[in-house]
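Read through the structure below, which is laid out as structure tokens, and then see the notes.
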Amino acid sequence: VHSEIFRVDLATATARQLTDGRHSIEQWSVAGGGRQVFLVDEPTRFGDVWTLAPETGARPVRVTGIYDHLDRDFSLPRQETVHWKGEDGMTIEGILHYPLDYRPGRRYPLVVQVHGGPTESDRYSFGPFVWRNYQQVLTARGYAVLWPNHRGSTGYGNVFLRDMVGGYFHQAHLDVLAGVDAVVAMGVADPDRLALMGWSAGGHMTNKLMTVTDRFKAASSGAGAANWISMYAQTD
């Protein structure tokens, strides 16, 4: 649920983490003298520029404040990491966005937004780099929003990533349903007011889940495959 920069020592095949936070690193590059330049996408700020000097022990420095006003001028949803067990006992994680008017003990309608790829993962972010997500609008209208990093997502090791190889819907769709159960068990989601959406691979997932459960009152499939035979026949 977050992405970071690492320095790899080729001689010893070891890696050292250089950044850490509730964010995702975007548009990373190396400038003159070995200084790293990148954007940091955060829940309350997106796209500000940071630099990291090449010296050992240097800390990242934010050099722009273009989006400092966002969390001052707007109410933004709280993002929280949640974990749950898949059908086979594997630990799955995702990000839960709370409604702006959230009050403990009250249940809210839940929108599940499934990422594309499928070899991607949802991370802490403001969201504009992923234009299909508009969690700020949904949470402002009283919805909770769940981003599940189901089997096939990046960042959790090769076995986790390749679970979809040779059987696309082996565990991935069950991971999403288990995530819904987890948010219901937390007392946040109303089990009678669930919606589902996704784009590309998230559309595939939406189409699959519509065939195995009637729990979702509404579903939106964007660019999702509905006929795998015709998709195969038209794929180079």
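Residues in the structure tokens are numbered from 1 in each chain, the chains being A, B, ... in the order shown, and ligands are numbered from 1 in the order shown.
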Helix (DSSP H, G or I) positions in region 127-166 of chain A, given as a list of chain:residue names: A:Gln135, A:Gln136, A:Val137, A:Leu138, A:Thr139, A:Ala140, A:Asn158, A:Val159, A:Phe160, A:Leu161, A:Arg162, A:Asp163, A:Met164
What are the closest atom pairs, with distances in Å to one decimal, for each residue of region 167-188 of chain A lying within 12 Å of region 202-205 of chain A, using only C-alpha atoms, rows by chain and rising residue number, as CSV?
residue,atom,partner,partner_atom,distance
A:Tyr168,CA,A:Met205,CA,9.7
A:Phe169,CA,A:Met205,CA,8.4
A:His170,CA,A:Met205,CA,11.7
A:Gln171,CA,A:Met205,CA,11.4
A:Ala172,CA,A:Met205,CA,8.3
A:His173,CA,A:Met205,CA,6.6
A:Leu174,CA,A:Met205,CA,10.3
A:Asp175,CA,A:Met205,CA,10.9
A:Val176,CA,A:Met205,CA,8.9
A:Leu177,CA,A:Met205,CA,10.9
Applying 12 Å and only C-alpha atoms, which residues near Arg107 (chain A) remain after dropping the ones on its own chain fewer than 6 positions away? List them as a PyMOL selection string. chain A and resi 98-99+101+142-144+183-194
Considering only C-alpha atoms, state which residue in the set A:Trp199, A:Tyr67, A:Trp84, A:Phe46 is at the smallest distance from Gln113 (chain A). A:Trp199
If I take CA of Ala226 (chain A) and CA of Asn207 (chain A), how far is one from the other in Å, to one decimal? 6.6 Å
Near-Glu42 (chain A) list (7 Å; only C-alpha atoms; drop same-chain fewer than 3 positions) as a PyMOL selection string: chain A and resi 22-24+45-46+124-126
Selected residues written out with C-alpha atoms, as a PDB file, in the first residue's frame:
ATOM      1  CA  ARG A  22       2.110   6.709   3.629  1.00  0.00           C
ATOM      2  CA  HIS A  23       2.646   7.669   0.005  1.00  0.00           C
ATOM      3  CA  SER A  24       3.545   6.490  -3.464  1.00  0.00           C
ATOM      4  CA  ARG A  45      -1.196  16.256  -1.407  1.00  0.00           C
ATOM      5  CA  PHE A  46      -0.304  15.037  -4.857  1.00  0.00           C
ATOM      6  CA  TYR A 124      -1.696   5.679  -0.327  1.00  0.00           C
ATOM      7  CA  SER A 125      -2.339   8.605  -2.650  1.00  0.00           C
ATOM      8  CA  PHE A 126      -4.466  11.612  -3.375  1.00  0.00           C
TER       9      PHE A 126
END
